[in-house]
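K.L.:
Can you keep this structure in mind? I'll have questions shortly.
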Amino acid sequence: MSKVRYVLISGAGIAGSALAYWLHRYGFGVTIVEQADSIREGGYPVDLRGSAMDVAERMGILPDLRQAHIHSTRASFVDEEGEKVASVAPEWITGGVRGHDVELPRGTLAALLYSITRDDIDYRFNDSVIELIDEGDEVSVAFKSGARKSFDLVIGADGIHSNIRRLAFGPEDWFTRPIGFCYAGFSMRNTRGLSREAVCYNVPGRMAALYAAGHQPAEVFALLAFAHPYLLGERGREPSFQKDLTAHVFAGAGWILPELIEAMRVSKDFYFDVVQQIRMPRWTRGRVGLVGDAAYAPSFLTGQGSSLSLVGAYILAGELALNASHEQAFAAYQLKLYPFVKMNQATVEQGRSGMIPVTLEQLRERNSAMCSEAASTEAQPGRGRPAHAAMDLSEYEHLAPATSLR
């Protein structure tokens with residue numbers, strides 16, 4: 001490149017830090033703005049599979065990922081009395097490949113990506129973008145802190161409720177596709193002594209699950225998901241309303257639901273959202289682009305959000321390095337990644353039918369399939385779904401780095 005191109009990335013999560021890593025390696029100047037005061041810790045475990053593992057290997061972080069791997073052993077499904085219906089390998093649900101893919105806490109992955117970029121990338125915490133003006137040859141950016149600066153490109157890596165997408169492309173509801181469910185997540189004490197496992201309870205259209213990410217951890221992750229009309233209105237943003245709605249939906253349910261509802265009420269890390277995907281005809285406009293969940297969130301029912309973030313960041317950075325103009329790079333990014341995104345978003349139905357059957361007939365079919373899988377001596381869980389490894393990354397493998405972060 002004849003001159004350094006300067007890129008502002010909004011969001012210091014998985015997509016943002018991964019994109020910063022590759023852009024810096026290719027000689028770009030990178031600034032990341034993050035509204036939180038630090039890298040966000042905690043959060044549910046995330047999976048990296050297929051093509052994302054190839055990206056991780058090229059980043060040199062595969063040994064760290066292997067070390068942080070949770071090594072979940074089983075997913076058990078119980079009835080209202082807590083009696084086991086079936087127990088299967090986690091790969092039966094996720095479509096992962098045992099011994100190849102990794103699962104680790106989201107905060108651990110975010111912290112790892114931050115650790116390999118913080119010395120070379122300008123991270124600006126406690127700030128956010130409030131205005132974008134694409135002036136043709138640069139983008140003028142106004143920040144909440146009062147600062148104003150111009151960049152060659154601005155990339156939104158700020159999640160499903162992306163601020164950059166709203167500023168540059170329009171309201172969120174223009175691009176959301178509801179899946180028809182809501183979910184509440186929170187942490188609670190591990191009163192059942194669970195270890196490296198998930199326990200799930202279903203009735204039609206509802207699921208309650210506990211997940212122990214490690215060997216007998218002090219706390220487990222709890223998830224309550226349920227079918228519900230998508231539009232909740234303004235009140236739907238209030239935590240008190242969200243908790244009341246969740247408690248009402250699960251009132252009278254079996255298993256240990258009273259204990260879960262009580263834990264939800266006092267939780268300090270309660271999170272609630274609708275299950276949705278982000279679907280956009282284009283992920284770029286002028287000198288502004290999107291990556292990860294901001295552009296193509298697949299929903300947690302696919303288990304592919306983090307993998308799409310890593311792969312998308314790699315492709316976007318690679319195209320910006322290969323092409324002299326951002327127009328050509330953005331067009332190639334969309335053309336090459338879109339089929340991979342579409343394939344992985346389509347797996348949402350597999351996740352829904354496996355995790356939250358909505359009718360009694362579907363629930364019985366799911367349970368029967370699990371029992372057959374558990375009983376079969378020929379079953380080979382973890383052969384992987386074709387969509388997970390469908391991205392050809394060979395074009396970028398030999399891109400000569402302008403610098404190195406490790």
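Scheme for the structure tokens: letters A, B, ... for chains in order shown; per-chain residue numbers from 1; ligand numbers from 1 in order shown.
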Which residues, written as a ChimeraX atom specification, have at least one atom at most 7 Å from range 150-153 of chain A, with only C-alpha atoms counted and residues fewer than 6 positions away on the same chain left out?
P.N.:
/A:5-8,138-141,287-288
K.L.:
Produce a file of the selected residues containing N, CA, C and O atoms, as a tab-separated table (two decimals), in the first residue's frame.
P.N.:
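Output saved as selection36.tsv:
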chain	number	residue	atom	x	y	z
A	5	ARG	N	-3.74	3.28	5.64
A	5	ARG	CA	-5.17	3.57	5.74
A	5	ARG	C	-5.60	3.40	7.20
A	5	ARG	O	-5.25	2.43	7.85
A	6	TYR	N	-6.38	4.35	7.69
A	6	TYR	CA	-6.78	4.36	9.09
A	6	TYR	C	-8.24	3.93	9.22
A	6	TYR	O	-9.12	4.46	8.53
A	7	VAL	N	-8.45	2.97	10.11
A	7	VAL	CA	-9.76	2.35	10.26
A	7	VAL	C	-10.22	2.50	11.70
A	7	VAL	O	-9.47	2.21	12.64
A	8	LEU	N	-11.46	2.93	11.87
A	8	LEU	CA	-12.10	2.94	13.18
A	8	LEU	C	-13.02	1.73	13.27
A	8	LEU	O	-13.85	1.51	12.38
A	138	GLU	N	-13.26	10.36	3.08
A	138	GLU	CA	-13.02	9.96	4.46
A	138	GLU	C	-14.34	10.02	5.21
A	138	GLU	O	-15.34	10.52	4.69
A	139	VAL	N	-14.34	9.49	6.44
A	139	VAL	CA	-15.53	9.53	7.27
A	139	VAL	C	-15.23	10.37	8.51
A	139	VAL	O	-14.29	10.08	9.25
A	140	SER	N	-16.01	11.42	8.71
A	140	SER	CA	-15.87	12.26	9.89
A	140	SER	C	-16.72	11.66	11.01
A	140	SER	O	-17.92	11.40	10.82
A	141	VAL	N	-16.10	11.43	12.16
A	141	VAL	CA	-16.75	10.74	13.25
A	141	VAL	C	-16.79	11.63	14.49
A	141	VAL	O	-15.76	12.18	14.91
A	287	ARG	N	-18.07	4.34	2.81
A	287	ARG	CA	-16.86	3.97	3.55
A	287	ARG	C	-17.16	3.32	4.90
A	287	ARG	O	-16.28	3.23	5.75
A	288	VAL	N	-18.39	2.89	5.09
A	288	VAL	CA	-18.80	2.26	6.36
A	288	VAL	C	-19.18	0.81	6.09
A	288	VAL	O	-19.89	0.51	5.12
K.L.:
Tell me, which residues of range 47-276 of chain A carry DSSP strand (DSSP E), written as a ChimeraX atom specification?
P.N.:
/A:47-48,74-78,84-88,102-105,122-125,129-134,139-143,148-151,153-156,176-189,197-203,206-212,219-227,271-276
K.L.:
Here is a test: counting only C-alpha atoms, which residue of A:Ser267, A:Asn367, A:Ser306, A:Asn202 is nearest to Pro239 in chain A?
P.N.:
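Among the listed residues, the smallest separation from Pro239 in chain A belongs to A:Ser267.
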K.L.:
Please compute the CA of Asp293 in chain A-CA of Gln67 in chain A distance, one decimal, in Å.
P.N.:
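Computed distance, CA of Asp293 in chain A to CA of Gln67 in chain A, equals 25.9 Å.
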K.L.:
Could you pull the residues within 10 Å of range 146-148 of chain A, counting only C-alpha atoms, minus those fewer than 3 positions along the same chain, as a PyMOL selection string?
P.N.:
chain A and resi 127-132+140-143
K.L.:
Kindly assemble as CSV a list of the range 303-377 of chain A residues that lie within 12 Å of range 214-228 of chain A, each paired with its nearest atom pair and their distance in Å to one decimal, using only C-alpha atoms, sorted first by chain and then by ascending residue number.
P.N.:
residue,atom,partner,partner_atom,distance
A:Arg352,CA,A:Ala227,CA,10.6
A:Met355,CA,A:Ala225,CA,9.3
A:Ile356,CA,A:Phe226,CA,7.6
A:Pro357,CA,A:Ala227,CA,9.6
A:Val358,CA,A:Ala227,CA,7.5
A:Thr359,CA,A:Ala227,CA,10.7
K.L.:
Output all heavy atoms for every residue in that selection, as a PDB file, in the first residue's frame.
P.N.:
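result17.pdb, written as the output of this step:
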ATOM      1  N   ARG A 352     -33.399 -25.000  16.590  1.00  0.00           N
ATOM      2  CA  ARG A 352     -34.714 -24.832  17.205  1.00  0.00           C
ATOM      3  C   ARG A 352     -35.378 -26.165  17.489  1.00  0.00           C
ATOM      4  O   ARG A 352     -35.891 -26.407  18.576  1.00  0.00           O
ATOM      5  CB  ARG A 352     -35.618 -23.988  16.296  1.00  0.00           C
ATOM      6  CG  ARG A 352     -36.955 -23.651  16.939  1.00  0.00           C
ATOM      7  CD  ARG A 352     -38.045 -23.461  15.905  1.00  0.00           C
ATOM      8  NE  ARG A 352     -38.279 -24.672  15.130  1.00  0.00           N
ATOM      9  CZ  ARG A 352     -38.937 -25.730  15.585  1.00  0.00           C
ATOM     10  NH1 ARG A 352     -39.385 -25.768  16.824  1.00  0.00           N
ATOM     11  NH2 ARG A 352     -39.117 -26.788  14.813  1.00  0.00           N
ATOM     12  N   MET A 355     -33.551 -27.935  20.395  1.00  0.00           N
ATOM     13  CA  MET A 355     -33.538 -27.309  21.714  1.00  0.00           C
ATOM     14  C   MET A 355     -34.914 -26.914  22.215  1.00  0.00           C
ATOM     15  O   MET A 355     -35.197 -27.035  23.412  1.00  0.00           O
ATOM     16  CB  MET A 355     -32.628 -26.074  21.688  1.00  0.00           C
ATOM     17  CG  MET A 355     -31.161 -26.394  21.429  1.00  0.00           C
ATOM     18  SD  MET A 355     -30.131 -24.918  21.283  1.00  0.00           S
ATOM     19  CE  MET A 355     -30.248 -24.256  22.935  1.00  0.00           C
ATOM     20  N   ILE A 356     -35.785 -26.407  21.329  1.00  0.00           N
ATOM     21  CA  ILE A 356     -37.081 -25.899  21.790  1.00  0.00           C
ATOM     22  C   ILE A 356     -38.199 -26.389  20.871  1.00  0.00           C
ATOM     23  O   ILE A 356     -38.800 -25.605  20.116  1.00  0.00           O
ATOM     24  CB  ILE A 356     -37.101 -24.359  21.852  1.00  0.00           C
ATOM     25  CG1 ILE A 356     -35.781 -23.802  22.365  1.00  0.00           C
ATOM     26  CG2 ILE A 356     -38.245 -23.878  22.763  1.00  0.00           C
ATOM     27  CD1 ILE A 356     -35.701 -22.298  22.348  1.00  0.00           C
ATOM     28  N   PRO A 357     -38.518 -27.678  20.870  1.00  0.00           N
ATOM     29  CA  PRO A 357     -39.660 -28.146  20.074  1.00  0.00           C
ATOM     30  C   PRO A 357     -40.931 -27.418  20.512  1.00  0.00           C
ATOM     31  O   PRO A 357     -41.159 -27.239  21.722  1.00  0.00           O
ATOM     32  CB  PRO A 357     -39.727 -29.641  20.398  1.00  0.00           C
ATOM     33  CG  PRO A 357     -38.357 -29.982  20.920  1.00  0.00           C
ATOM     34  CD  PRO A 357     -37.883 -28.770  21.630  1.00  0.00           C
ATOM     35  N   VAL A 358     -41.740 -27.003  19.561  1.00  0.00           N
ATOM     36  CA  VAL A 358     -42.878 -26.149  19.911  1.00  0.00           C
ATOM     37  C   VAL A 358     -44.192 -26.906  20.065  1.00  0.00           C
ATOM     38  O   VAL A 358     -45.165 -26.353  20.578  1.00  0.00           O
ATOM     39  CB  VAL A 358     -43.048 -25.025  18.868  1.00  0.00           C
ATOM     40  CG1 VAL A 358     -41.866 -24.081  18.911  1.00  0.00           C
ATOM     41  CG2 VAL A 358     -43.239 -25.589  17.470  1.00  0.00           C
ATOM     42  N   THR A 359     -44.254 -28.156  19.624  1.00  0.00           N
ATOM     43  CA  THR A 359     -45.463 -28.959  19.803  1.00  0.00           C
ATOM     44  C   THR A 359     -45.112 -30.250  20.534  1.00  0.00           C
ATOM     45  O   THR A 359     -43.955 -30.668  20.572  1.00  0.00           O
ATOM     46  CB  THR A 359     -46.104 -29.315  18.451  1.00  0.00           C
ATOM     47  OG1 THR A 359     -45.241 -30.222  17.736  1.00  0.00           O
ATOM     48  CG2 THR A 359     -46.333 -28.062  17.601  1.00  0.00           C
TER      49      THR A 359
END
K.L.:
Using only C-alpha atoms, which of the listed residues (A:Glu262, A:Met59, A:Leu322, A:Ala331) sits closest to Ala247 in chain A?
P.N.:
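Counting only C-alpha atoms, the residue closest to Ala247 in chain A is A:Glu262.
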K.L.:
Can you tell me, as a VMD selection string, what residues are no more than 8 Å from Arg279 in chain A when counting only C-alpha atoms, ignoring any on the same chain fewer than 2 positions away?
P.N.:
chain A and resid 175 to 177 277 281 295 to 297
K.L.:
Given the choices A:Pro229, A:Pro45, A:Pro298, A:Gly16, which gets closest to Glu197 in chain A if the distance is worked out from only C-alpha atoms?
P.N.:
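With only C-alpha atoms as the atom set, the closest residue is A:Pro45.
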K.L.:
My list of candidates is A:Lys342, A:Arg237, A:Arg189, A:His326. Which is closest to Ala263 in chain A when distances are computed with only C-alpha atoms?
P.N.:
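Closest candidate: A:Arg189.
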K.L.:
Rounded to one decimal, what separation in Å do you get between CA of Ala15 in chain A and CA of Ala313 in chain A?
P.N.:
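CA of Ala15 in chain A sits 6.0 Å away from CA of Ala313 in chain A.
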K.L.:
Write out as a PDB file with N, CA, C and O atoms, in the first residue's frame which residues come within 8 Å of range 19-32 of chain A when counting only C-alpha atoms, dropping same-chain ones fewer than 2 positions away.
P.N.:
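Full text of selection_20.pdb as output:
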ATOM      1  N   VAL A   4      -0.660   4.514   4.593  1.00  0.00           N
ATOM      2  CA  VAL A   4      -1.412   3.815   5.638  1.00  0.00           C
ATOM      3  C   VAL A   4      -2.875   4.242   5.581  1.00  0.00           C
ATOM      4  O   VAL A   4      -3.185   5.426   5.456  1.00  0.00           O
ATOM      5  N   ARG A   5      -3.741   3.279   5.644  1.00  0.00           N
ATOM      6  CA  ARG A   5      -5.166   3.572   5.744  1.00  0.00           C
ATOM      7  C   ARG A   5      -5.597   3.403   7.195  1.00  0.00           C
ATOM      8  O   ARG A   5      -5.248   2.426   7.846  1.00  0.00           O
ATOM      9  N   TYR A   6      -6.377   4.351   7.687  1.00  0.00           N
ATOM     10  CA  TYR A   6      -6.778   4.361   9.088  1.00  0.00           C
ATOM     11  C   TYR A   6      -8.239   3.930   9.220  1.00  0.00           C
ATOM     12  O   TYR A   6      -9.115   4.455   8.533  1.00  0.00           O
ATOM     13  N   VAL A   7      -8.446   2.966  10.109  1.00  0.00           N
ATOM     14  CA  VAL A   7      -9.761   2.351  10.261  1.00  0.00           C
ATOM     15  C   VAL A   7     -10.221   2.499  11.700  1.00  0.00           C
ATOM     16  O   VAL A   7      -9.474   2.205  12.640  1.00  0.00           O
ATOM     17  N   LEU A   8     -11.457   2.935  11.872  1.00  0.00           N
ATOM     18  CA  LEU A   8     -12.101   2.942  13.178  1.00  0.00           C
ATOM     19  C   LEU A   8     -13.017   1.730  13.267  1.00  0.00           C
ATOM     20  O   LEU A   8     -13.848   1.510  12.375  1.00  0.00           O
ATOM     21  N   ILE A   9     -12.855   0.947  14.314  1.00  0.00           N
ATOM     22  CA  ILE A   9     -13.733  -0.190  14.578  1.00  0.00           C
ATOM     23  C   ILE A   9     -14.542   0.124  15.826  1.00  0.00           C
ATOM     24  O   ILE A   9     -13.981   0.485  16.867  1.00  0.00           O
ATOM     25  N   SER A  10     -15.838  -0.004  15.745  1.00  0.00           N
ATOM     26  CA  SER A  10     -16.709   0.179  16.907  1.00  0.00           C
ATOM     27  C   SER A  10     -17.044  -1.196  17.486  1.00  0.00           C
ATOM     28  O   SER A  10     -17.666  -2.021  16.837  1.00  0.00           O
ATOM     29  N   GLY A  11     -16.581  -1.431  18.722  1.00  0.00           N
ATOM     30  CA  GLY A  11     -16.845  -2.708  19.386  1.00  0.00           C
ATOM     31  C   GLY A  11     -15.580  -3.495  19.613  1.00  0.00           C
ATOM     32  O   GLY A  11     -14.874  -3.842  18.654  1.00  0.00           O
ATOM     33  N   ALA A  12     -15.286  -3.786  20.879  1.00  0.00           N
ATOM     34  CA  ALA A  12     -14.067  -4.521  21.240  1.00  0.00           C
ATOM     35  C   ALA A  12     -14.375  -5.960  21.611  1.00  0.00           C
ATOM     36  O   ALA A  12     -13.731  -6.537  22.485  1.00  0.00           O
ATOM     37  N   ALA A  15     -15.500 -10.014  17.076  1.00  0.00           N
ATOM     38  CA  ALA A  15     -15.334  -9.559  15.696  1.00  0.00           C
ATOM     39  C   ALA A  15     -14.410  -8.352  15.621  1.00  0.00           C
ATOM     40  O   ALA A  15     -13.541  -8.271  14.742  1.00  0.00           O
ATOM     41  N   GLY A  16     -14.574  -7.393  16.535  1.00  0.00           N
ATOM     42  CA  GLY A  16     -13.787  -6.177  16.487  1.00  0.00           C
ATOM     43  C   GLY A  16     -12.311  -6.403  16.723  1.00  0.00           C
ATOM     44  O   GLY A  16     -11.455  -5.909  15.969  1.00  0.00           O
ATOM     45  N   SER A  17     -11.979  -7.158  17.754  1.00  0.00           N
ATOM     46  CA  SER A  17     -10.567  -7.403  18.053  1.00  0.00           C
ATOM     47  C   SER A  17      -9.912  -8.298  17.011  1.00  0.00           C
ATOM     48  O   SER A  17      -8.742  -8.124  16.677  1.00  0.00           O
ATOM     49  N   GLU A  34     -14.956   1.486  22.303  1.00  0.00           N
ATOM     50  CA  GLU A  34     -15.805   0.547  23.038  1.00  0.00           C
ATOM     51  C   GLU A  34     -16.531   1.300  24.151  1.00  0.00           C
ATOM     52  O   GLU A  34     -15.902   1.984  24.960  1.00  0.00           O
ATOM     53  N   ILE A 116      -3.631 -10.087  22.592  1.00  0.00           N
ATOM     54  CA  ILE A 116      -2.685 -10.150  21.480  1.00  0.00           C
ATOM     55  C   ILE A 116      -2.747  -8.907  20.591  1.00  0.00           C
ATOM     56  O   ILE A 116      -2.039  -8.825  19.592  1.00  0.00           O
ATOM     57  N   THR A 117      -3.605  -7.946  20.957  1.00  0.00           N
ATOM     58  CA  THR A 117      -3.716  -6.723  20.148  1.00  0.00           C
ATOM     59  C   THR A 117      -3.502  -5.445  20.950  1.00  0.00           C
ATOM     60  O   THR A 117      -3.227  -4.400  20.366  1.00  0.00           O
ATOM     61  N   ASP A 120      -0.621  -2.933  20.277  1.00  0.00           N
ATOM     62  CA  ASP A 120      -0.471  -2.360  18.941  1.00  0.00           C
ATOM     63  C   ASP A 120      -1.697  -1.599  18.454  1.00  0.00           C
ATOM     64  O   ASP A 120      -1.606  -0.864  17.472  1.00  0.00           O
ATOM     65  N   ILE A 121      -2.828  -1.800  19.127  1.00  0.00           N
ATOM     66  CA  ILE A 121      -4.076  -1.185  18.701  1.00  0.00           C
ATOM     67  C   ILE A 121      -4.471  -0.104  19.698  1.00  0.00           C
ATOM     68  O   ILE A 121      -4.342  -0.279  20.911  1.00  0.00           O
ATOM     69  N   ASP A 122      -4.982   0.998  19.184  1.00  0.00           N
ATOM     70  CA  ASP A 122      -5.454   2.093  20.028  1.00  0.00           C
ATOM     71  C   ASP A 122      -6.877   1.791  20.501  1.00  0.00           C
ATOM     72  O   ASP A 122      -7.843   2.024  19.780  1.00  0.00           O
ATOM     73  N   TYR A 123      -6.990   1.229  21.701  1.00  0.00           N
ATOM     74  CA  TYR A 123      -8.303   0.942  22.298  1.00  0.00           C
ATOM     75  C   TYR A 123      -8.776   2.170  23.072  1.00  0.00           C
ATOM     76  O   TYR A 123      -8.046   2.703  23.914  1.00  0.00           O
ATOM     77  N   ARG A 124      -9.993   2.592  22.818  1.00  0.00           N
ATOM     78  CA  ARG A 124     -10.573   3.724  23.533  1.00  0.00           C
ATOM     79  C   ARG A 124     -11.867   3.271  24.214  1.00  0.00           C
ATOM     80  O   ARG A 124     -12.919   3.155  23.573  1.00  0.00           O
ATOM     81  N   LEU A 310     -15.237 -14.544  13.571  1.00  0.00           N
ATOM     82  CA  LEU A 310     -13.820 -14.750  13.259  1.00  0.00           C
ATOM     83  C   LEU A 310     -13.583 -14.860  11.752  1.00  0.00           C
ATOM     84  O   LEU A 310     -12.658 -14.246  11.213  1.00  0.00           O
ATOM     85  N   ALA A 313     -14.270 -11.423   9.978  1.00  0.00           N
ATOM     86  CA  ALA A 313     -13.182 -10.464  10.203  1.00  0.00           C
ATOM     87  C   ALA A 313     -11.976 -10.801   9.334  1.00  0.00           C
ATOM     88  O   ALA A 313     -11.319  -9.909   8.776  1.00  0.00           O
ATOM     89  N   TYR A 314     -11.681 -12.085   9.210  1.00  0.00           N
ATOM     90  CA  TYR A 314     -10.536 -12.531   8.408  1.00  0.00           C
ATOM     91  C   TYR A 314     -10.732 -12.199   6.929  1.00  0.00           C
ATOM     92  O   TYR A 314      -9.823 -11.696   6.261  1.00  0.00           O
ATOM     93  N   LEU A 316     -12.840  -9.912   5.595  1.00  0.00           N
ATOM     94  CA  LEU A 316     -12.898  -8.470   5.391  1.00  0.00           C
ATOM     95  C   LEU A 316     -11.497  -7.866   5.390  1.00  0.00           C
ATOM     96  O   LEU A 316     -11.146  -7.074   4.501  1.00  0.00           O
ATOM     97  N   ALA A 317     -10.676  -8.232   6.367  1.00  0.00           N
ATOM     98  CA  ALA A 317      -9.309  -7.708   6.419  1.00  0.00           C
ATOM     99  C   ALA A 317      -8.503  -8.157   5.208  1.00  0.00           C
ATOM    100  O   ALA A 317      -7.747  -7.366   4.625  1.00  0.00           O
ATOM    101  N   GLY A 318      -8.685  -9.404   4.812  1.00  0.00           N
ATOM    102  CA  GLY A 318      -7.960  -9.909   3.655  1.00  0.00           C
ATOM    103  C   GLY A 318      -8.306  -9.163   2.386  1.00  0.00           C
ATOM    104  O   GLY A 318      -7.421  -8.831   1.580  1.00  0.00           O
ATOM    105  N   ALA A 321      -6.776  -5.781   2.318  1.00  0.00           N
ATOM    106  CA  ALA A 321      -5.339  -5.863   2.034  1.00  0.00           C
ATOM    107  C   ALA A 321      -5.074  -6.150   0.561  1.00  0.00           C
ATOM    108  O   ALA A 321      -4.092  -5.665  -0.008  1.00  0.00           O
ATOM    109  N   ALA A 400       1.148 -11.631   2.583  1.00  0.00           N
ATOM    110  CA  ALA A 400       2.357 -11.236   3.311  1.00  0.00           C
ATOM    111  C   ALA A 400       2.016 -10.170   4.338  1.00  0.00           C
ATOM    112  O   ALA A 400       1.515  -9.097   3.977  1.00  0.00           O
ATOM    113  N   PRO A 401       2.236 -10.433   5.625  1.00  0.00           N
ATOM    114  CA  PRO A 401       1.941  -9.431   6.640  1.00  0.00           C
ATOM    115  C   PRO A 401       2.917  -8.270   6.590  1.00  0.00           C
ATOM    116  O   PRO A 401       4.122  -8.457   6.351  1.00  0.00           O
ATOM    117  N   ALA A 402       2.415  -7.074   6.792  1.00  0.00           N
ATOM    118  CA  ALA A 402       3.282  -5.897   6.865  1.00  0.00           C
ATOM    119  C   ALA A 402       3.932  -5.802   8.244  1.00  0.00           C
ATOM    120  O   ALA A 402       4.961  -5.181   8.413  1.00  0.00           O
ATOM    121  N   THR A 403       3.301  -6.422   9.233  1.00  0.00           N
ATOM    122  CA  THR A 403       3.821  -6.413  10.600  1.00  0.00           C
ATOM    123  C   THR A 403       3.296  -7.629  11.313  1.00  0.00           C
ATOM    124  O   THR A 403       2.514  -8.395  10.770  1.00  0.00           O
ATOM    125  N   SER A 404       3.728  -7.849  12.533  1.00  0.00           N
ATOM    126  CA  SER A 404       3.287  -9.015  13.294  1.00  0.00           C
ATOM    127  C   SER A 404       2.931  -8.602  14.702  1.00  0.00           C
ATOM    128  O   SER A 404       3.544  -7.712  15.290  1.00  0.00           O
ATOM    129  N   LEU A 405       1.881  -9.228  15.234  1.00  0.00           N
ATOM    130  CA  LEU A 405       1.436  -8.908  16.594  1.00  0.00           C
ATOM    131  C   LEU A 405       1.994  -9.873  17.622  1.00  0.00           C
ATOM    132  O   LEU A 405       1.815  -9.677  18.809  1.00  0.00           O
TER     133      LEU A 405
END
K.L.:
Let me make sure I understand: among A:Met264, A:Thr108, A:Val199, A:Gly96, which one has the smallest atom-to-atom distance to Asp64 in chain A if we use only C-alpha atoms?
P.N.:
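Selected residue with least distance to Asp64 in chain A: A:Thr108.
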K.L.:
Could you go through range 43-229 of chain A and tell me which residues DSSP, when run on the backbone, assigns to alpha helix (DSSP H), listing them as a PyMOL selection string?
P.N.:
chain A and resi 51-59+62-68+90-94+106-115+163-168
K.L.:
Show which residues sit within 10 Å of Asp79 in chain A, as a PyMOL selection string. Count only C-alpha atoms, and ignore same-chain residues fewer than 2 positions away.
P.N.:
chain A and resi 77+81-86+200-203+254-255
K.L.:
How would the residues just chosen look if you wrote them out with N, CA, C and O atoms as a PDB file, in the first residue's frame?
P.N.:
ATOM      1  N   PHE A  77     -31.350 -34.711  29.136  1.00  0.00           N
ATOM      2  CA  PHE A  77     -32.695 -34.161  29.071  1.00  0.00           C
ATOM      3  C   PHE A  77     -33.557 -34.877  30.096  1.00  0.00           C
ATOM      4  O   PHE A  77     -33.529 -36.112  30.174  1.00  0.00           O
ATOM      5  N   GLU A  81     -40.148 -34.541  36.650  1.00  0.00           N
ATOM      6  CA  GLU A  81     -39.715 -35.068  37.942  1.00  0.00           C
ATOM      7  C   GLU A  81     -38.199 -35.098  38.071  1.00  0.00           C
ATOM      8  O   GLU A  81     -37.668 -35.499  39.107  1.00  0.00           O
ATOM      9  N   GLY A  82     -37.514 -34.678  37.020  1.00  0.00           N
ATOM     10  CA  GLY A  82     -36.059 -34.705  37.045  1.00  0.00           C
ATOM     11  C   GLY A  82     -35.473 -36.028  36.610  1.00  0.00           C
ATOM     12  O   GLY A  82     -34.250 -36.216  36.670  1.00  0.00           O
ATOM     13  N   GLU A  83     -36.321 -36.955  36.152  1.00  0.00           N
ATOM     14  CA  GLU A  83     -35.845 -38.248  35.683  1.00  0.00           C
ATOM     15  C   GLU A  83     -35.276 -38.101  34.272  1.00  0.00           C
ATOM     16  O   GLU A  83     -35.855 -37.402  33.426  1.00  0.00           O
ATOM     17  N   LYS A  84     -34.169 -38.766  34.027  1.00  0.00           N
ATOM     18  CA  LYS A  84     -33.475 -38.611  32.758  1.00  0.00           C
ATOM     19  C   LYS A  84     -34.269 -39.259  31.612  1.00  0.00           C
ATOM     20  O   LYS A  84     -34.651 -40.423  31.680  1.00  0.00           O
ATOM     21  N   VAL A  85     -34.484 -38.498  30.550  1.00  0.00           N
ATOM     22  CA  VAL A  85     -35.123 -38.994  29.337  1.00  0.00           C
ATOM     23  C   VAL A  85     -34.076 -39.559  28.394  1.00  0.00           C
ATOM     24  O   VAL A  85     -34.248 -40.628  27.809  1.00  0.00           O
ATOM     25  N   ALA A  86     -32.974 -38.830  28.256  1.00  0.00           N
ATOM     26  CA  ALA A  86     -31.880 -39.269  27.388  1.00  0.00           C
ATOM     27  C   ALA A  86     -30.648 -38.455  27.729  1.00  0.00           C
ATOM     28  O   ALA A  86     -30.726 -37.363  28.292  1.00  0.00           O
ATOM     29  N   CYS A 200     -31.238 -30.230  30.526  1.00  0.00           N
ATOM     30  CA  CYS A 200     -32.314 -29.482  29.881  1.00  0.00           C
ATOM     31  C   CYS A 200     -33.668 -30.104  30.203  1.00  0.00           C
ATOM     32  O   CYS A 200     -33.800 -31.330  30.300  1.00  0.00           O
ATOM     33  N   TYR A 201     -34.653 -29.239  30.321  1.00  0.00           N
ATOM     34  CA  TYR A 201     -36.030 -29.663  30.552  1.00  0.00           C
ATOM     35  C   TYR A 201     -36.917 -28.948  29.545  1.00  0.00           C
ATOM     36  O   TYR A 201     -36.808 -27.737  29.361  1.00  0.00           O
ATOM     37  N   ASN A 202     -37.762 -29.699  28.870  1.00  0.00           N
ATOM     38  CA  ASN A 202     -38.647 -29.127  27.864  1.00  0.00           C
ATOM     39  C   ASN A 202     -40.099 -29.457  28.121  1.00  0.00           C
ATOM     40  O   ASN A 202     -40.440 -30.558  28.558  1.00  0.00           O
ATOM     41  N   VAL A 203     -40.943 -28.490  27.834  1.00  0.00           N
ATOM     42  CA  VAL A 203     -42.349 -28.718  27.517  1.00  0.00           C
ATOM     43  C   VAL A 203     -42.558 -27.978  26.201  1.00  0.00           C
ATOM     44  O   VAL A 203     -41.724 -27.143  25.820  1.00  0.00           O
ATOM     45  N   GLY A 254     -42.654 -27.962  35.660  1.00  0.00           N
ATOM     46  CA  GLY A 254     -42.044 -28.930  36.570  1.00  0.00           C
ATOM     47  C   GLY A 254     -40.559 -28.729  36.753  1.00  0.00           C
ATOM     48  O   GLY A 254     -40.020 -27.640  36.605  1.00  0.00           O
ATOM     49  N   TRP A 255     -39.892 -29.834  37.081  1.00  0.00           N
ATOM     50  CA  TRP A 255     -38.459 -29.894  37.357  1.00  0.00           C
ATOM     51  C   TRP A 255     -38.126 -28.932  38.497  1.00  0.00           C
ATOM     52  O   TRP A 255     -38.786 -28.946  39.531  1.00  0.00           O
TER      53      TRP A 255
END
